[in-house]
Amino acid sequence: MSELRTNKIVPRDGKVSGAYGGIIQVVHASSTAGGTINSTSYSDFLTAQITPQSSSNAILLQITFNANNATSGNNTDRLRYRVTRTVGGSATTLYTVAEALIGYTGDIHVQGVGNNYVDTPATTSPVTYALQFSVVGGECNINNNGRTDIILMELSG
């Protein structure tokens, strides 16, 4: 059995500006645990940690989840989420989606909401990414009909 071990992948003809070489490692976290979100304060729902092999590498985040309004016919149910990065105890918000789900006069079920994001943490220390939820109003359910996933891919710089 052969093994290929690397901490840097560069295409044969080099990289164009802003490009990355290849995937160094992949980390996956998932949860099927359900929950009702009814607080206007953000809280962690799912986290994943990766330790970059080089400070010049980037991290590709892929995040998906499903949600629904908690009360049938409640048009005040409004879910929001954000993704944070924590390195050495210091947290930074990478992006926020102000209204990922908006209730209306009937039931609403949303499957596969999420984002892709390329982050450049510039470190070789452990990096924790957190998917956080809160509501603008009302209450919403997470994972009522599915699961939440975070996939982290380290890309050589």
# chains A, B, ... in the order shown; residues from 1 in each chain; ligands from 1
$ residues_around --residues "stretch 137-147 of chain A" --least-positions-apart "4" --cutoff "8 Å" --atoms "only C-alpha atoms" --output "PyMOL selection string"
chain A and resi 30-40+65-71+74+76-79+111
$ write_last_selection --atoms "N, CA, C and O atoms" --output "mmCIF file, in the first residue's frame"
data_model
loop_
_atom_site.group_PDB
_atom_site.id
_atom_site.type_symbol
_atom_site.label_atom_id
_atom_site.label_comp_id
_atom_site.auth_asym_id
_atom_site.auth_seq_id
_atom_site.Cartn_x
_atom_site.Cartn_y
_atom_site.Cartn_z
ATOM 1 N N SER A 30 -21.089 17.051 11.973
ATOM 2 C CA SER A 30 -22.521 17.081 11.658
ATOM 3 C C SER A 30 -23.342 16.806 12.908
ATOM 4 O O SER A 30 -22.844 16.271 13.897
ATOM 5 N N SER A 31 -24.599 17.210 12.822
ATOM 6 C CA SER A 31 -25.519 16.995 13.938
ATOM 7 C C SER A 31 -26.930 16.802 13.410
ATOM 8 O O SER A 31 -27.366 17.526 12.513
ATOM 9 N N THR A 32 -27.621 15.823 13.963
ATOM 10 C CA THR A 32 -29.041 15.644 13.664
ATOM 11 C C THR A 32 -29.896 16.079 14.851
ATOM 12 O O THR A 32 -31.112 15.966 14.808
ATOM 13 N N ALA A 33 -29.229 16.560 15.905
ATOM 14 C CA ALA A 33 -29.962 17.027 17.088
ATOM 15 C C ALA A 33 -30.819 18.235 16.704
ATOM 16 O O ALA A 33 -30.338 19.163 16.071
ATOM 17 N N GLY A 34 -32.052 18.189 17.084
ATOM 18 C CA GLY A 34 -32.950 19.301 16.786
ATOM 19 C C GLY A 34 -32.935 20.337 17.888
ATOM 20 O O GLY A 34 -32.434 20.097 18.979
ATOM 21 N N GLY A 35 -33.455 21.477 17.563
ATOM 22 C CA GLY A 35 -33.522 22.517 18.567
ATOM 23 C C GLY A 35 -34.429 23.639 18.142
ATOM 24 O O GLY A 35 -34.611 23.888 16.953
ATOM 25 N N THR A 36 -35.029 24.284 19.118
ATOM 26 C CA THR A 36 -35.847 25.459 18.862
ATOM 27 C C THR A 36 -35.036 26.683 19.230
ATOM 28 O O THR A 36 -34.499 26.772 20.337
ATOM 29 N N ILE A 37 -34.932 27.600 18.295
ATOM 30 C CA ILE A 37 -34.188 28.836 18.504
ATOM 31 C C ILE A 37 -35.209 29.931 18.790
ATOM 32 O O ILE A 37 -36.098 30.189 17.975
ATOM 33 N N ASN A 38 -35.106 30.547 19.972
ATOM 34 C CA ASN A 38 -36.063 31.601 20.319
ATOM 35 C C ASN A 38 -35.394 32.779 21.026
ATOM 36 O O ASN A 38 -36.059 33.631 21.591
ATOM 37 N N SER A 39 -34.077 32.828 20.968
ATOM 38 C CA SER A 39 -33.342 33.918 21.606
ATOM 39 C C SER A 39 -32.819 34.884 20.551
ATOM 40 O O SER A 39 -32.421 34.469 19.462
ATOM 41 N N THR A 40 -32.787 36.160 20.880
ATOM 42 C CA THR A 40 -32.226 37.154 19.971
ATOM 43 C C THR A 40 -30.707 37.254 20.122
ATOM 44 O O THR A 40 -30.061 38.002 19.389
ATOM 45 N N PHE A 65 -27.675 23.541 6.593
ATOM 46 C CA PHE A 65 -28.603 23.170 7.659
ATOM 47 C C PHE A 65 -30.014 23.272 7.114
ATOM 48 O O PHE A 65 -30.241 23.741 6.008
ATOM 49 N N ASN A 66 -30.966 22.797 7.888
ATOM 50 C CA ASN A 66 -32.375 22.963 7.523
ATOM 51 C C ASN A 66 -33.115 23.579 8.698
ATOM 52 O O ASN A 66 -32.677 23.473 9.842
ATOM 53 N N ALA A 67 -34.204 24.262 8.380
ATOM 54 C CA ALA A 67 -34.945 24.988 9.418
ATOM 55 C C ALA A 67 -36.402 25.100 9.024
ATOM 56 O O ALA A 67 -36.764 24.920 7.867
ATOM 57 N N ASN A 68 -37.222 25.401 9.995
ATOM 58 C CA ASN A 68 -38.627 25.715 9.728
ATOM 59 C C ASN A 68 -39.148 26.657 10.802
ATOM 60 O O ASN A 68 -38.572 26.757 11.888
ATOM 61 N N ASN A 69 -40.227 27.382 10.453
ATOM 62 C CA ASN A 69 -40.826 28.235 11.468
ATOM 63 C C ASN A 69 -41.502 27.344 12.504
ATOM 64 O O ASN A 69 -42.034 26.298 12.189
ATOM 65 N N ALA A 70 -41.425 27.751 13.754
ATOM 66 C CA ALA A 70 -41.887 26.902 14.850
ATOM 67 C C ALA A 70 -43.397 26.936 15.032
ATOM 68 O O ALA A 70 -43.981 25.988 15.535
ATOM 69 N N THR A 71 -44.024 28.024 14.635
ATOM 70 C CA THR A 71 -45.452 28.169 14.845
ATOM 71 C C THR A 71 -46.151 28.342 13.511
ATOM 72 O O THR A 71 -45.870 29.297 12.789
ATOM 73 N N ASN A 74 -47.268 31.790 11.783
ATOM 74 C CA ASN A 74 -46.664 32.922 12.471
ATOM 75 C C ASN A 74 -45.694 33.627 11.530
ATOM 76 O O ASN A 74 -44.624 33.128 11.221
ATOM 77 N N THR A 76 -43.993 36.193 12.153
ATOM 78 C CA THR A 76 -42.929 36.911 12.859
ATOM 79 C C THR A 76 -41.691 36.036 13.068
ATOM 80 O O THR A 76 -40.687 36.518 13.569
ATOM 81 N N ASP A 77 -41.754 34.733 12.702
ATOM 82 C CA ASP A 77 -40.602 33.848 12.846
ATOM 83 C C ASP A 77 -39.522 34.275 11.849
ATOM 84 O O ASP A 77 -39.730 34.234 10.638
ATOM 85 N N ARG A 78 -38.371 34.684 12.374
ATOM 86 C CA ARG A 78 -37.276 35.136 11.521
ATOM 87 C C ARG A 78 -35.953 34.606 12.079
ATOM 88 O O ARG A 78 -35.491 35.045 13.122
ATOM 89 N N LEU A 79 -35.342 33.684 11.346
ATOM 90 C CA LEU A 79 -34.091 33.058 11.762
ATOM 91 C C LEU A 79 -32.911 33.786 11.132
ATOM 92 O O LEU A 79 -32.943 34.170 9.974
ATOM 93 N N GLN A 111 -34.881 23.432 3.385
ATOM 94 C CA GLN A 111 -33.851 22.398 3.416
ATOM 95 C C GLN A 111 -32.582 22.927 2.761
ATOM 96 O O GLN A 111 -32.644 23.630 1.764
#
$ closest_residue --among "A:Val127, A:Val83, A:Ile23, A:Ile151" --to "A:Gln49" --atoms "only C-alpha atoms"
A:Val127
$ residues_around --residues "A:Asn115" --least-positions-apart "3" --cutoff "10 Å" --atoms "only C-alpha atoms" --output "list in words"
Leu61, Gln62, Ile63, Thr64, Phe65, Val83, Tyr95, Val97, Gly112 and Ile150 of chain A
$ select_by_dssp --residues "stretch 75-136 of chain A" --states "strand (DSSP E or B)" --output "count of residues only"
44
$ closest_residue --among "A:Gln53, A:Thr123, A:Thr47, A:Thr92" --to "A:Ile24" --atoms "only C-alpha atoms"
A:Gln53
$ residues_around --residues "A:Phe133" --least-positions-apart "4" --cutoff "8 Å" --atoms "only C-alpha atoms" --output "compact mmCIF listing (two decimals) with all heavy atoms, in the first residue's frame"
# COMPACT_ATOMS: atom_id res chain seq x y z
N ILE A 37 -34.93 27.60 18.30
CA ILE A 37 -34.19 28.84 18.50
C ILE A 37 -35.21 29.93 18.79
O ILE A 37 -36.10 30.19 17.97
CB ILE A 37 -33.36 29.20 17.25
CG1 ILE A 37 -32.52 28.02 16.76
CG2 ILE A 37 -32.51 30.44 17.51
CD1 ILE A 37 -31.53 27.49 17.74
N TYR A 42 -27.05 35.33 19.81
CA TYR A 42 -26.45 34.21 19.10
C TYR A 42 -25.87 33.18 20.07
O TYR A 42 -25.33 33.54 21.11
CB TYR A 42 -25.32 34.69 18.19
CG TYR A 42 -25.79 35.36 16.94
CD1 TYR A 42 -25.81 36.74 16.83
CD2 TYR A 42 -26.21 34.61 15.84
CE1 TYR A 42 -26.23 37.36 15.67
CE2 TYR A 42 -26.64 35.23 14.68
CZ TYR A 42 -26.65 36.60 14.60
OH TYR A 42 -27.07 37.22 13.45
N SER A 43 -25.99 31.91 19.69
CA SER A 43 -25.34 30.84 20.45
C SER A 43 -24.86 29.77 19.48
O SER A 43 -25.45 29.56 18.41
CB SER A 43 -26.28 30.25 21.50
OG SER A 43 -27.40 29.67 20.88
N ASP A 44 -23.77 29.09 19.87
CA ASP A 44 -23.21 28.03 19.02
C ASP A 44 -24.22 26.91 18.85
O ASP A 44 -24.85 26.47 19.83
CB ASP A 44 -21.94 27.45 19.66
CG ASP A 44 -20.76 28.39 19.63
OD1 ASP A 44 -20.89 29.51 19.09
OD2 ASP A 44 -19.70 28.00 20.16
N PHE A 45 -24.33 26.42 17.62
CA PHE A 45 -25.14 25.23 17.36
C PHE A 45 -24.24 24.05 16.99
O PHE A 45 -24.45 22.95 17.43
CB PHE A 45 -26.17 25.49 16.26
CG PHE A 45 -27.12 24.35 16.08
CD1 PHE A 45 -28.21 24.20 16.92
CD2 PHE A 45 -26.92 23.42 15.08
CE1 PHE A 45 -29.08 23.13 16.78
CE2 PHE A 45 -27.79 22.34 14.93
CZ PHE A 45 -28.88 22.20 15.78
N LEU A 79 -35.34 33.68 11.35
CA LEU A 79 -34.09 33.06 11.76
C LEU A 79 -32.91 33.79 11.13
O LEU A 79 -32.94 34.17 9.97
CB LEU A 79 -34.06 31.60 11.31
CG LEU A 79 -32.79 30.81 11.65
CD1 LEU A 79 -32.71 30.57 13.16
CD2 LEU A 79 -32.75 29.50 10.90
N ARG A 80 -31.86 33.97 11.92
CA ARG A 80 -30.61 34.51 11.39
C ARG A 80 -29.47 33.63 11.87
O ARG A 80 -29.59 32.92 12.87
CB ARG A 80 -30.42 35.97 11.79
CG ARG A 80 -30.36 36.21 13.27
CD ARG A 80 -30.30 37.68 13.59
NE ARG A 80 -30.37 37.87 15.04
CZ ARG A 80 -30.31 39.02 15.64
NH1 ARG A 80 -30.18 40.12 14.92
NH2 ARG A 80 -30.38 39.11 16.94
N TYR A 81 -28.36 33.68 11.14
CA TYR A 81 -27.20 32.90 11.56
C TYR A 81 -25.92 33.62 11.18
O TYR A 81 -25.91 34.53 10.36
CB TYR A 81 -27.22 31.48 10.98
CG TYR A 81 -27.01 31.36 9.49
CD1 TYR A 81 -25.75 31.06 8.97
CD2 TYR A 81 -28.06 31.51 8.59
CE1 TYR A 81 -25.55 30.91 7.61
CE2 TYR A 81 -27.87 31.35 7.23
CZ TYR A 81 -26.61 31.06 6.75
OH TYR A 81 -26.42 30.92 5.39
N ARG A 82 -24.85 33.18 11.82
CA ARG A 82 -23.54 33.71 11.50
C ARG A 82 -22.50 32.61 11.73
O ARG A 82 -22.76 31.61 12.40
CB ARG A 82 -23.20 34.94 12.32
CG ARG A 82 -22.97 34.70 13.80
CD ARG A 82 -22.69 35.99 14.54
NE ARG A 82 -22.44 35.74 15.95
CZ ARG A 82 -22.37 36.69 16.87
NH1 ARG A 82 -22.53 37.96 16.51
NH2 ARG A 82 -22.13 36.39 18.13
$ atom_distance --atom1 "atom CA of A:Pro52" --atom2 "atom CA of A:Ser125"
6.9 Å
$ closest_residue --among "A:Ser90, A:Asn116, A:Thr84, A:Ser156" --to "A:Leu46" --atoms "only C-alpha atoms"
A:Thr84
$ atom_distance --atom1 "atom CA of A:Thr86" --atom2 "atom CA of A:Tyr129"
6.5 Å
$ closest_residue --among "A:Ser54, A:Thr148, A:Thr128, A:Gln25" --to "A:Gly88" --atoms "only C-alpha atoms"
A:Thr128
